[in-house]
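Engineer: I am attaching a structure below and will ask some questions about it afterwards.
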Amino acid sequence: DFGSDSSDTIRLIKLIIRSLVNPSELDTHFPVTRMKDWFEGLSWTQGVYYNPAGKEQHITSYVLHTYYAIMLFGRVIDDDLIFGLGQTLLSNEITSIQKYKQMNANSDIYDGFGENIEVGSIYSSKVTTLGANTLKHHCSFV
């Protein structure tokens, strides 16, 4: 019966965390921080890989809650490495989301953004916004 021993459950959760946010380049089983693009600061929905349509991030709450859960799990099991990794990923992601998705009206991140300060999806080559009930594309990102 899986889960009857808390050590089995903790090992499984650690394996899932390792699959998502493995910090070690020496690990041959999982990529380093699978979804996180440290240069651009965002965690891409489908990971960091080549896609002709461009990398995409559309729902930020998923990744924020994932990193927050990792941080809390590290705190609960008293594992400073897991806690610190979750904390670092979460704080970096929040900074990037505030810069690229929740910017103020004076932001110059995107050319021609104008009054449309609500970003829908972010792609590596464009962003989508909703303005005057119309989906608009802006092609000057990153």
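Simple scheme: letters A, B, ... for chains in structure tokens order, numbers from 1 for residues in each chain, numbers from 1 for ligands in the order shown.
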Fewer than 6 positions away in the same chain doesn't count, so skip those; otherwise give me all residues within 7 Å of range 85-94 of chain A, counting only C-alpha atoms, as a PyMOL selection string.

Structural biologist: chain A and resi 41-42+64+67-68+70-71

Engineer: Residues at most 12 Å from Ser24 in chain A, counting only C-alpha atoms, excluding those fewer than 5 positions away in the same chain, as a list in words?

Structural biologist: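 Result of the neighbour search: Arg18, Ser19, His29, Phe30, Pro31, Val32, Thr33, Arg34, Leu81 and Leu85 of chain A.
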
Engineer: Report the distance between CA of Ile77 in chain A and CA of Glu25 in chain A in Å, rounded to one decimal place.

Structural biologist: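 If I compute the distance from CA of Ile77 in chain A to CA of Glu25 in chain A, I get 23.9 Å.
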
Engineer: So, counting only C-alpha atoms, which residue among A:Lys36, A:Ser96, A:Phe73, A:Gly84 is closest to Thr9 in chain A?

Structural biologist: A:Phe73

Engineer: Can you work out the spacing between CA of Ser6 in chain A and CA of Asp27 in chain A in Å, to one decimal?

Structural biologist: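 One can read the CA of Ser6 in chain A to CA of Asp27 in chain A distance as 25.0 Å.
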
Engineer: Mind checking DSSP for range 4-74 of chain A and telling me the helix (DSSP H, G or I) residues as an MDAnalysis selection string?

Structural biologist: chainID A and resid 6:21 60:74

Engineer: Report the residues of range 8-109 of chain A whose backbone DSSP state falls under strand (DSSP E or B), written as a PyMOL selection string.

Structural biologist: chain A and resi 36-37+42-43+56-57
